[in-house]
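Colleague: Attaching a single structure in structure tokens format; questions to follow.
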Amino acid sequence: MRRLNPKQAEAVKNIGNPLLVLAGAGSGKTSVITEKIAYLIRDCEYDPASIYAVTFTNKAAREMRERIAKMLGEELTTGLTVSTFHTLGLKIIHSELKNLPYQRGFTIYDSEDSISLVKEVLRIEKVSPDFADQFRWQISNWKNAMVSHDQALEMAENDLQAQAARIYKAYDDYLKVYNAVDFDDLIVVPVSLFKQKTEVLERWQNKTRYLLVDEYQDTNACQYTLVKQLVGIRGAFTVVGDDDQSIYAWRGAQPENLRLLVSDFPSLQVVKLEQNYRSLGRILKVANHIIANNEHIFDKKLWSDKGYGDPLKVVACDDPDHEAQKVVTEMLHKKFIEQASYNDFAVLFRGNHQVRTFEKAMRAHRIPYKVSGSFSFFSLAEIKDLMCYMRLVVNPDDDAAFLRVINTPRREIGAKTVELLRDFANRNRSSLHSAIIDHDVSEALPARSALRIKEFAQWLKDISMRSTKERGDIILKDIIRDVGYESYLTDSCKDIVSARKRMENIKDLIEWVENIEGENGEKTLEHQIAHLSLLDLLEKNEDEEANDKVQLITLHSSKGLEFPHVYMVGMEEDLLPHKSSMDEDGVEEERRLAYVGITRAQKTLTMTFSKRRRVGAEIVERTPSRFLLEMPQDELEWEGYNENKDPEKVRERGKAHLANLKNILG
DNA sequence: ACGCCGCGTATTTTT
DNA sequence: TACGCGGCGT
């Protein structure tokens, strides 16, 4: 507690009111949350099991839990909940299963599964699958905004919207048939349960003596409702957030939840954390300056007692290759001068496609680099296959899983057979598996196919039965053996090396399954698979510390990170701010994105842009980002750009180019 | 069942 | 330029 500054200490000790902590970038918000939890348990003698701390990512939850465990020791933290919103939702659903229309072993559909389900609905409704992504997006929006099927239908203003509403309902009906929930449902289902059953809500309210929410500006309407429900009128909670770092409105986050807090809880107190422990003064000055162009609910100004630092560099380049070249040479120079290591550097960009150019340049100079966020363990084909097998064993009605594995490894069940089976199941309004088990499938299929299908269904039924008693990792090993997955790998992989690699991945998966434990130490597959679906097995060998690498990362995923030396690249109009977010609200979010980027830097910040860039097929002249021109020019050092930097002029030039382009294209 | 070709399209990402 | 997807041919 002694390490906290007065504001932080105030935020920790204030437990009598609903509390909003406005935590600027680098102001030590994680310390506040962890110290507060420790304070509640150690000094106020709260039962750890009555404290709930909610984050958005597994990583944040993990780090928080570790820090608290270090502070208090294992005994004092048993029962404490530090989890993501979704894991908390899952926990509620699990323990209230008897009040819900789901069976044990229900499946959690990830975004890919959701898309395929939407496609399936479209197929049945005879709508072109081209719009599956848009329908999926719309459904997700409706769920996050808590719009019911009926409301969606009522609100529809044209045929397309009405159609979307019907697909929304059909989609949810199918989820029920498959005994499955999607990611959004993990929040939606508890919220609607709490709405319907007051006694259940009260039970949870009594359990929840204190609630803490991290990254509050990223909550959507549904998540905020869950928060309100859990804290009830007692309002024993702390939310921590920063409206200036709200960069996820495009996926449903509602930064206005900050404002709503004031009206929903009149006794709300606000503590601002404005002292920044990360960056040198000049960087903060530029950051403050640029974000001041946005509308604000609460004013906030970061300050630091560290030194002032060098002017920020702005480098104009000819094209992206030149840009990458510039960054690389500048970086190597700096590394030498400052005796820095590679992991002191990060390159931040707006869109993933920008990364290629930089990868190329890094490789050419033999600079070790890491592209973060690009690798997902769950996207590996072999992991997906086995995940689907496990899902299917636990929940045979999971058609998405069924379809994935029915012919993997090959069982001579081809597309035609599957097609017939799907139609048959549709006619019976049942899942694929129950169509085979509960109905006479041989009337719809040729004898040979029917036999194959029945064999598979029978195997599935048997192993399903065993899975309720047996440990999950044993079931998984049995699956691998029964279906002959290993020989399938060695047969289907070109070389033995990649087959081995895949087997290694599978071993890792088995290990993960072994290590997941249910509430009472249960290790049934049913519990393990549910948690596994929400886990991020992103960084497989996290503590394998051969990690001196330059980070190449998007602005979005850089949030929460910090680096001594930061390069923000592609600082051009139409890229940052991105051209598809040019309506007024959109530009504000883009500005916050720039703000997030700037505030990642501890010591130096270099910003680059290309004067020319290929967009689609055409090579387009580019102008520097308006954000560069909004910055206090005294703090910047421009290189390679002598044109007029008056914002009006630059914007005009941009428009002229655009008009020119339109002329050329006719 | 599989592979090839041509077409259309092109932010950001977590659970 | 690149990738993903649907259609078509083997």
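Labels for the structure tokens follow display order: chains A, B, ..., residues from 1 in each chain, ligands from 1.
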Which chain C residues have any atom within 12 Å of an atom of chain A, and for each, what is the nearest pair of atoms with distance in Å to one decimal, counting only C-alpha atoms (C1' of nucleotides), rows sorted by chain and number, as JSON lines?

Modeller:
```
{"residue": "C:DT1", "atom": "C1'", "partner": "A:Gly616", "partner_atom": "CA", "distance": 7.5}
{"residue": "C:DA2", "atom": "C1'", "partner": "A:His353", "partner_atom": "CA", "distance": 9.4}
{"residue": "C:DC3", "atom": "C1'", "partner": "A:His353", "partner_atom": "CA", "distance": 11.3}
{"residue": "C:DC5", "atom": "C1'", "partner": "A:Asp130", "partner_atom": "CA", "distance": 9.8}
{"residue": "C:DG6", "atom": "C1'", "partner": "A:Asp130", "partner_atom": "CA", "distance": 10.5}
```

Colleague: Write a file of the just-selected residues containing C-alpha atoms (C1' of nucleotides), as a PDB file, in the first residue's frame.

Modeller:
```
ATOM      1  C1'  DT C   1      -1.050  -8.089 -54.539  1.00  0.00           C
ATOM      2  C1'  DA C   2      -3.250 -11.755 -51.801  1.00  0.00           C
ATOM      3  C1'  DC C   3      -6.345 -14.711 -50.348  1.00  0.00           C
ATOM      4  C1'  DC C   5     -14.418 -19.115 -52.031  1.00  0.00           C
ATOM      5  C1'  DG C   6     -17.433 -21.234 -55.467  1.00  0.00           C
TER       6       DG C   6
END
```

Colleague: Could you find all residues in range 309-470 of chain A that DSSP calls strand (DSSP E or B) from the backbone, and write them as an MDAnalysis selection string?

Modeller: chainID A and resid 312:317 345:349 369:371

Colleague: Which residues are near DG4 in chain C? Cut-off 12 Å, only C-alpha atoms (C1' of nucleotides), ignore same chain within fewer than 4 positions. Put them as a PyMOL selection string.

Modeller: chain B and resi 7-10

Colleague: Give as a list of chain:residue names every residue of chain A that touches chain B within 7 Å, counting only C-alpha atoms (C1' of nucleotides).

Modeller: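 Residues passing the distance filter: A:Thr57, A:His86, A:Phe183, A:Gly351, A:Leu534, A:His556.
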
Colleague: Would you mind exporting N, CA and C atoms of the selected residues as a tab-separated table (two decimals), in the first residue's frame?

Modeller:
```tsv
chain	number	residue	atom	x	y	z
A	57	THR	N	-9.82	-10.12	-21.17
A	57	THR	CA	-8.99	-11.15	-21.78
A	57	THR	C	-8.48	-12.13	-20.73
A	86	HIS	N	-16.78	-13.69	-19.97
A	86	HIS	CA	-17.36	-14.90	-20.54
A	86	HIS	C	-17.23	-16.09	-19.61
A	183	PHE	N	-20.63	-17.33	-28.11
A	183	PHE	CA	-19.91	-16.50	-27.14
A	183	PHE	C	-20.80	-15.43	-26.53
A	351	GLY	N	-3.41	-1.85	-39.92
A	351	GLY	CA	-4.03	-3.05	-40.49
A	351	GLY	C	-3.02	-4.17	-40.62
A	534	LEU	N	-12.86	-21.65	-23.92
A	534	LEU	CA	-12.69	-20.23	-23.59
A	534	LEU	C	-11.24	-19.87	-23.33
A	556	HIS	N	-4.50	-1.93	-32.25
A	556	HIS	CA	-5.52	-2.48	-31.35
A	556	HIS	C	-4.92	-3.41	-30.32
```

Colleague: Could you pull the residues within 12 Å of Ile406 in chain A, counting only C-alpha atoms (C1' of nucleotides), minus those fewer than 5 positions along the same chain, as a list of chain:residue names?

Modeller: A:Asp385, A:Leu386, A:Cys388, A:Tyr389, A:Leu392, A:Pro396, A:Asp398, A:Asp399, A:Ala400, A:Ala401, A:Arg411, A:Glu412, A:Ile413, A:Gly414, A:Ala415, A:Thr417, A:Val418, A:Leu421, A:Leu432, A:His433, A:Arg452, A:Ile453, A:Lys454, A:Glu455, A:Phe456, A:Ala457, A:Trp459, A:Leu460, A:Val483

Colleague: With N, CA, C and O atoms retained, could you export that selection as a short mmCIF file (atom, residue, chain, number, x, y, z; two decimals), in the first residue's frame?

Modeller:
```
data_model
loop_
_atom_site.label_atom_id
_atom_site.label_comp_id
_atom_site.auth_asym_id
_atom_site.auth_seq_id
_atom_site.Cartn_x
_atom_site.Cartn_y
_atom_site.Cartn_z
N ASP A 385 -9.85 -30.52 -35.15
CA ASP A 385 -10.45 -31.85 -35.29
C ASP A 385 -10.73 -32.47 -33.92
O ASP A 385 -11.84 -32.90 -33.63
N LEU A 386 -9.69 -32.47 -33.09
CA LEU A 386 -9.86 -33.16 -31.81
C LEU A 386 -10.79 -32.40 -30.87
O LEU A 386 -11.52 -33.02 -30.10
N CYS A 388 -13.36 -30.86 -31.86
CA CYS A 388 -14.70 -31.24 -32.32
C CYS A 388 -15.07 -32.65 -31.87
O CYS A 388 -16.20 -32.91 -31.49
N TYR A 389 -14.10 -33.56 -31.89
CA TYR A 389 -14.38 -34.90 -31.37
C TYR A 389 -14.80 -34.83 -29.90
O TYR A 389 -15.76 -35.46 -29.48
N LEU A 392 -18.19 -33.39 -29.49
CA LEU A 392 -19.20 -34.33 -29.96
C LEU A 392 -19.44 -35.44 -28.94
O LEU A 392 -20.57 -35.84 -28.70
N PRO A 396 -23.44 -35.04 -28.27
CA PRO A 396 -23.58 -35.64 -29.61
C PRO A 396 -24.49 -34.83 -30.55
O PRO A 396 -24.46 -35.04 -31.76
N ASP A 398 -24.18 -31.78 -31.22
CA ASP A 398 -23.42 -30.65 -31.76
C ASP A 398 -23.12 -30.90 -33.25
O ASP A 398 -22.12 -31.49 -33.61
N ASP A 399 -24.03 -30.43 -34.09
CA ASP A 399 -23.90 -30.73 -35.52
C ASP A 399 -22.67 -30.14 -36.18
O ASP A 399 -22.09 -30.73 -37.08
N ALA A 400 -22.25 -28.96 -35.73
CA ALA A 400 -21.07 -28.35 -36.33
C ALA A 400 -19.87 -29.27 -36.15
O ALA A 400 -19.09 -29.50 -37.08
N ALA A 401 -19.74 -29.81 -34.95
CA ALA A 401 -18.64 -30.73 -34.67
C ALA A 401 -18.83 -32.02 -35.47
O ALA A 401 -17.88 -32.55 -36.05
N ARG A 411 -13.87 -41.96 -43.72
CA ARG A 411 -14.69 -43.11 -43.36
C ARG A 411 -15.59 -43.49 -44.53
O ARG A 411 -16.63 -44.10 -44.34
N GLU A 412 -15.25 -43.00 -45.68
CA GLU A 412 -16.05 -43.22 -46.87
C GLU A 412 -17.47 -42.69 -46.69
O GLU A 412 -18.44 -43.29 -47.10
N ILE A 413 -17.55 -41.57 -45.99
CA ILE A 413 -18.83 -40.87 -45.89
C ILE A 413 -18.65 -39.54 -46.59
O ILE A 413 -18.09 -38.60 -46.04
N GLY A 414 -19.06 -39.48 -47.82
CA GLY A 414 -18.79 -38.31 -48.65
C GLY A 414 -19.85 -37.24 -48.56
O GLY A 414 -20.80 -37.33 -47.79
N ALA A 415 -19.67 -36.22 -49.40
CA ALA A 415 -20.56 -35.05 -49.37
C ALA A 415 -22.01 -35.44 -49.63
O ALA A 415 -22.92 -34.93 -49.00
N THR A 417 -23.61 -38.29 -49.08
CA THR A 417 -24.21 -38.94 -47.92
C THR A 417 -24.57 -37.93 -46.85
O THR A 417 -25.66 -37.95 -46.28
N VAL A 418 -23.63 -37.03 -46.60
CA VAL A 418 -23.86 -36.01 -45.58
C VAL A 418 -25.07 -35.15 -45.96
O VAL A 418 -25.93 -34.86 -45.12
N LEU A 421 -28.16 -37.02 -45.28
CA LEU A 421 -28.36 -37.12 -43.84
C LEU A 421 -28.90 -35.81 -43.28
O LEU A 421 -29.80 -35.79 -42.43
N LEU A 432 -28.15 -34.29 -36.22
CA LEU A 432 -27.70 -35.37 -37.09
C LEU A 432 -27.57 -36.68 -36.32
O LEU A 432 -28.03 -37.72 -36.77
N HIS A 433 -26.96 -36.59 -35.15
CA HIS A 433 -26.73 -37.81 -34.38
C HIS A 433 -28.05 -38.45 -33.98
O HIS A 433 -28.24 -39.66 -34.12
N ARG A 452 -22.31 -47.35 -42.66
CA ARG A 452 -21.14 -46.57 -42.22
C ARG A 452 -21.56 -45.55 -41.16
O ARG A 452 -20.92 -45.38 -40.13
N ILE A 453 -22.63 -44.85 -41.49
CA ILE A 453 -23.13 -43.81 -40.60
C ILE A 453 -23.51 -44.39 -39.24
O ILE A 453 -23.17 -43.83 -38.20
N LYS A 454 -24.20 -45.51 -39.29
CA LYS A 454 -24.64 -46.12 -38.03
C LYS A 454 -23.45 -46.57 -37.19
O LYS A 454 -23.45 -46.44 -35.98
N GLU A 455 -22.45 -47.09 -37.87
CA GLU A 455 -21.23 -47.51 -37.16
C GLU A 455 -20.64 -46.35 -36.39
O GLU A 455 -20.33 -46.47 -35.20
N PHE A 456 -20.53 -45.23 -37.10
CA PHE A 456 -19.95 -44.05 -36.46
C PHE A 456 -20.82 -43.59 -35.28
O PHE A 456 -20.31 -43.32 -34.19
N ALA A 457 -22.12 -43.53 -35.51
CA ALA A 457 -23.03 -43.06 -34.46
C ALA A 457 -22.97 -43.98 -33.24
O ALA A 457 -23.04 -43.51 -32.10
N TRP A 459 -20.40 -45.83 -32.29
CA TRP A 459 -19.13 -45.59 -31.59
C TRP A 459 -19.26 -44.35 -30.71
O TRP A 459 -18.86 -44.33 -29.55
N LEU A 460 -19.86 -43.33 -31.31
CA LEU A 460 -20.03 -42.07 -30.60
C LEU A 460 -20.88 -42.25 -29.35
O LEU A 460 -20.54 -41.76 -28.27
N VAL A 483 -10.16 -43.62 -33.59
CA VAL A 483 -10.35 -43.13 -34.95
C VAL A 483 -9.08 -43.26 -35.78
O VAL A 483 -9.09 -42.98 -36.97
#
```

Colleague: When DSSP works through the backbone of this structure, what residues of range 153-339 of chain A end up as alpha helix (DSSP H), shown as JSON, numbers by chain?

Modeller: {"A": [153, 154, 155, 159, 160, 161, 162, 163, 164, 165, 166, 167, 168, 169, 170, 171, 172, 173, 174, 175, 176, 177, 185, 186, 187, 188, 189, 190, 191, 192, 193, 194, 195, 196, 198, 199, 200, 201, 202, 203, 204, 205, 206, 207, 221, 222, 223, 224, 225, 226, 227, 228, 229, 230, 231, 257, 258, 259, 260, 261, 262, 263, 264, 281, 282, 283, 284, 285, 286, 287, 288, 289, 290, 291, 320, 321, 322, 323, 324, 325, 326, 327, 328, 329, 330, 331, 332, 333, 334, 335, 336, 337, 338]}

Colleague: Just give me the gap between CA of Glu112 in chain A and CA of Asp184 in chain A in Å, one decimal is fine.

Modeller: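 CA of Asp184 in chain A lies at a distance of 13.2 Å from CA of Glu112 in chain A.
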
Colleague: Find the distance between CA of Pro6 in chain A and CA of Cys44 in chain A and write it in Å to one decimal.

Modeller: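 If I compute the distance from CA of Pro6 in chain A to CA of Cys44 in chain A, I get 19.5 Å.
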
Colleague: Determine, counting only C-alpha atoms (C1' of nucleotides), which protein, DNA and RNA residues have an atom within 9 Å of an atom of range 90-105 of chain A; residues of the same chain fewer than 6 positions away are not included. Present the result as an mmCIF file with N, CA, C and O atoms, in the first residue's frame.

Modeller:
```cif
data_model
loop_
_atom_site.group_PDB
_atom_site.id
_atom_site.type_symbol
_atom_site.label_atom_id
_atom_site.label_comp_id
_atom_site.auth_asym_id
_atom_site.auth_seq_id
_atom_site.Cartn_x
_atom_site.Cartn_y
_atom_site.Cartn_z
ATOM 1 N N LYS A 176 -30.345 -24.165 -29.858
ATOM 2 C CA LYS A 176 -31.040 -24.959 -28.826
ATOM 3 C C LYS A 176 -31.057 -26.429 -29.215
ATOM 4 O O LYS A 176 -30.770 -27.303 -28.388
ATOM 5 N N ASN A 179 -27.966 -28.008 -28.572
ATOM 6 C CA ASN A 179 -27.528 -27.887 -27.186
ATOM 7 C C ASN A 179 -26.250 -27.061 -27.112
ATOM 8 O O ASN A 179 -25.253 -27.465 -26.523
ATOM 9 N N ALA A 180 -26.288 -25.899 -27.746
ATOM 10 C CA ALA A 180 -25.086 -25.077 -27.845
ATOM 11 C C ALA A 180 -25.390 -23.610 -27.552
ATOM 12 O O ALA A 180 -26.526 -23.158 -27.720
ATOM 13 N N VAL A 181 -24.383 -22.916 -27.095
ATOM 14 C CA VAL A 181 -24.469 -21.461 -26.926
ATOM 15 C C VAL A 181 -23.316 -20.832 -27.697
ATOM 16 O O VAL A 181 -22.290 -21.473 -27.893
ATOM 17 N N LEU A 186 -23.044 -16.440 -23.643
ATOM 18 C CA LEU A 186 -22.455 -16.633 -22.320
ATOM 19 C C LEU A 186 -22.793 -15.454 -21.412
ATOM 20 O O LEU A 186 -22.847 -15.593 -20.194
ATOM 21 N N ILE A 187 -23.015 -14.294 -21.982
ATOM 22 C CA ILE A 187 -23.462 -13.135 -21.200
ATOM 23 C C ILE A 187 -24.981 -13.007 -21.272
ATOM 24 O O ILE A 187 -25.642 -12.760 -20.262
ATOM 25 N N VAL A 189 -27.392 -15.190 -21.764
ATOM 26 C CA VAL A 189 -28.195 -16.184 -21.051
ATOM 27 C C VAL A 189 -28.296 -15.874 -19.552
ATOM 28 O O VAL A 189 -29.399 -15.848 -19.004
ATOM 29 N N PRO A 190 -27.173 -15.605 -18.861
ATOM 30 C CA PRO A 190 -27.314 -15.214 -17.452
ATOM 31 C C PRO A 190 -28.164 -13.958 -17.267
ATOM 32 O O PRO A 190 -28.994 -13.913 -16.359
ATOM 33 N N LEU A 193 -31.764 -14.847 -17.658
ATOM 34 C CA LEU A 193 -32.176 -15.662 -16.505
ATOM 35 C C LEU A 193 -32.430 -14.777 -15.291
ATOM 36 O O LEU A 193 -33.447 -14.908 -14.601
ATOM 37 N N LYS A 197 -35.957 -14.669 -13.284
ATOM 38 C CA LYS A 197 -36.121 -15.319 -11.978
ATOM 39 C C LYS A 197 -35.467 -14.492 -10.877
ATOM 40 O O LYS A 197 -34.252 -14.573 -10.660
ATOM 41 N N VAL A 200 -33.285 -16.260 -8.268
ATOM 42 C CA VAL A 200 -31.927 -16.627 -8.708
ATOM 43 C C VAL A 200 -31.037 -15.386 -8.659
ATOM 44 O O VAL A 200 -29.906 -15.436 -8.157
ATOM 45 N N TRP A 204 -27.502 -14.625 -6.397
ATOM 46 C CA TRP A 204 -26.202 -14.182 -6.910
ATOM 47 C C TRP A 204 -25.809 -12.825 -6.338
ATOM 48 O O TRP A 204 -24.636 -12.555 -6.103
ATOM 49 N N ARG A 391 -16.018 -32.254 -28.266
ATOM 50 C CA ARG A 391 -17.331 -31.615 -28.169
ATOM 51 C C ARG A 391 -18.433 -32.604 -28.475
ATOM 52 O O ARG A 391 -19.454 -32.667 -27.785
ATOM 53 N N VAL A 393 -18.366 -35.874 -28.304
ATOM 54 C CA VAL A 393 -18.499 -36.930 -27.311
ATOM 55 C C VAL A 393 -19.324 -36.430 -26.127
ATOM 56 O O VAL A 393 -20.179 -37.130 -25.580
ATOM 57 N N VAL A 394 -19.092 -35.171 -25.756
ATOM 58 C CA VAL A 394 -19.773 -34.597 -24.610
ATOM 59 C C VAL A 394 -21.198 -34.190 -24.987
ATOM 60 O O VAL A 394 -22.117 -34.236 -24.187
ATOM 61 N N ASN A 395 -21.371 -33.798 -26.242
ATOM 62 C CA ASN A 395 -22.675 -33.319 -26.712
ATOM 63 C C ASN A 395 -22.910 -33.811 -28.144
ATOM 64 O O ASN A 395 -22.617 -33.105 -29.097
ATOM 65 N N LEU A 525 -14.590 -34.844 -19.000
ATOM 66 C CA LEU A 525 -14.435 -34.128 -20.256
ATOM 67 C C LEU A 525 -15.468 -33.009 -20.365
ATOM 68 O O LEU A 525 -15.196 -31.935 -20.900
ATOM 69 N N GLU A 526 -16.639 -33.263 -19.836
ATOM 70 C CA GLU A 526 -17.714 -32.287 -19.896
ATOM 71 C C GLU A 526 -17.253 -30.923 -19.350
ATOM 72 O O GLU A 526 -17.494 -29.887 -19.960
ATOM 73 N N HIS A 527 -16.577 -30.954 -18.210
ATOM 74 C CA HIS A 527 -16.111 -29.695 -17.638
ATOM 75 C C HIS A 527 -14.899 -29.155 -18.367
ATOM 76 O O HIS A 527 -14.770 -27.961 -18.594
ATOM 77 N N ILE A 529 -13.871 -29.542 -21.474
ATOM 78 C CA ILE A 529 -14.050 -29.014 -22.832
ATOM 79 C C ILE A 529 -14.674 -27.623 -22.802
ATOM 80 O O ILE A 529 -14.307 -26.744 -23.567
ATOM 81 N N ALA A 530 -15.582 -27.395 -21.861
ATOM 82 C CA ALA A 530 -16.226 -26.080 -21.774
ATOM 83 C C ALA A 530 -15.183 -25.004 -21.482
ATOM 84 O O ALA A 530 -15.162 -23.944 -22.109
ATOM 85 N N HIS A 531 -14.300 -25.297 -20.528
ATOM 86 C CA HIS A 531 -13.291 -24.296 -20.182
ATOM 87 C C HIS A 531 -12.235 -24.166 -21.265
ATOM 88 O O HIS A 531 -11.742 -23.082 -21.531
#
```

Colleague: Using only C-alpha atoms (C1' of nucleotides), which protein or nucleic acid residues come within 9 Å of range 255-266 of chain A? Drop anything in the same chain fewer than 2 positions from it, and give the result as a list in words.

Modeller: Pro18, Leu20, Tyr216, Gln217, Asp218, Thr219, Asn220, Ala221, Tyr224, Lys228, Ile233, Gly235, Gly241, Asp242, Asp243, Ser246, Tyr248, Ala249, Ala253, Leu268, Gln269 and Ile297 of chain A

Colleague: For those residues, write N, CA and C atoms to a file as a compact mmCIF listing (two decimals), in the first residue's frame.

Modeller:
```txt
# COMPACT_ATOMS: atom_id res chain seq x y z
N PRO A 18 -20.32 3.23 -4.91
CA PRO A 18 -19.94 2.83 -6.26
C PRO A 18 -18.79 3.72 -6.69
N LEU A 20 -15.92 4.86 -9.72
CA LEU A 20 -15.35 4.83 -11.06
C LEU A 20 -13.93 5.36 -10.98
N TYR A 216 -13.43 -1.00 -18.26
CA TYR A 216 -14.88 -0.81 -18.27
C TYR A 216 -15.38 -0.16 -19.56
N GLN A 217 -14.56 0.68 -20.18
CA GLN A 217 -15.00 1.35 -21.41
C GLN A 217 -15.27 0.36 -22.54
N ASP A 218 -14.80 -0.87 -22.39
CA ASP A 218 -15.00 -1.87 -23.42
C ASP A 218 -16.27 -2.70 -23.23
N THR A 219 -17.02 -2.45 -22.17
CA THR A 219 -18.22 -3.25 -21.93
C THR A 219 -19.30 -2.90 -22.96
N ASN A 220 -20.07 -3.90 -23.32
CA ASN A 220 -21.23 -3.64 -24.18
C ASN A 220 -22.49 -3.56 -23.31
N ALA A 221 -23.62 -3.30 -23.94
CA ALA A 221 -24.85 -3.09 -23.18
C ALA A 221 -25.17 -4.29 -22.30
N TYR A 224 -22.82 -4.60 -19.30
CA TYR A 224 -23.15 -3.60 -18.29
C TYR A 224 -24.39 -4.00 -17.51
N LYS A 228 -24.79 -4.44 -13.51
CA LYS A 228 -25.85 -3.81 -12.70
C LYS A 228 -26.65 -4.85 -11.92
N ILE A 233 -28.85 -2.85 -5.81
CA ILE A 233 -28.93 -1.47 -5.34
C ILE A 233 -27.81 -1.15 -4.36
N GLY A 235 -24.71 -1.52 -4.81
CA GLY A 235 -23.69 -0.83 -5.59
C GLY A 235 -22.29 -0.94 -5.01
N GLY A 241 -11.55 2.30 -15.91
CA GLY A 241 -11.58 2.44 -17.36
C GLY A 241 -11.00 3.76 -17.82
N ASP A 242 -10.93 3.90 -19.12
CA ASP A 242 -10.41 5.13 -19.71
C ASP A 242 -11.13 5.38 -21.02
N ASP A 243 -11.96 6.40 -21.05
CA ASP A 243 -12.73 6.66 -22.27
C ASP A 243 -11.81 6.97 -23.45
N SER A 246 -10.94 3.85 -25.54
CA SER A 246 -12.04 3.04 -26.08
C SER A 246 -11.85 2.89 -27.58
N TYR A 248 -12.92 -0.13 -29.25
CA TYR A 248 -13.65 -1.32 -29.68
C TYR A 248 -15.13 -1.08 -29.89
N ALA A 249 -15.50 0.18 -30.12
CA ALA A 249 -16.92 0.47 -30.37
C ALA A 249 -17.42 -0.32 -31.57
N ALA A 253 -18.68 -2.40 -28.08
CA ALA A 253 -18.39 -1.73 -26.82
C ALA A 253 -19.10 -0.39 -26.78
N LEU A 268 -22.29 7.62 -7.12
CA LEU A 268 -21.00 7.27 -7.72
C LEU A 268 -19.93 8.31 -7.40
N GLN A 269 -18.76 7.81 -7.02
CA GLN A 269 -17.63 8.70 -6.85
C GLN A 269 -16.62 8.43 -7.96
N ILE A 297 -16.29 13.25 -21.67
CA ILE A 297 -17.22 13.24 -20.54
C ILE A 297 -16.49 13.75 -19.30
```

Colleague: So how far away is CA of Thr599 in chain A from CA of Ile291 in chain A, in Å?

Modeller: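 So the two atoms, CA of Ile291 in chain A and CA of Thr599 in chain A, lie 11.0 Å apart.
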
Colleague: Rank nothing, just name the residue among A:Tyr174, A:Met503, A:Asn293, A:Gln138 nearest to Glu589 in chain A, using only C-alpha atoms.

Modeller: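 The answer is A:Asn293, which sits nearest to Glu589 in chain A.
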
Colleague: Determine, counting only C-alpha atoms (C1' of nucleotides), which protein, DNA and RNA residues have an atom within 9 Å of an atom of Val569 in chain A; residues of the same chain fewer than 4 positions away are not included. Present the result as a list in words.

Modeller: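 Here the qualifying residues turn out to be Glu323, Ala324, Val327, Val347, Leu348, Phe349, Arg350, Gln354, Thr606, Met607, Thr608, Phe609 and Ser610 of chain A.
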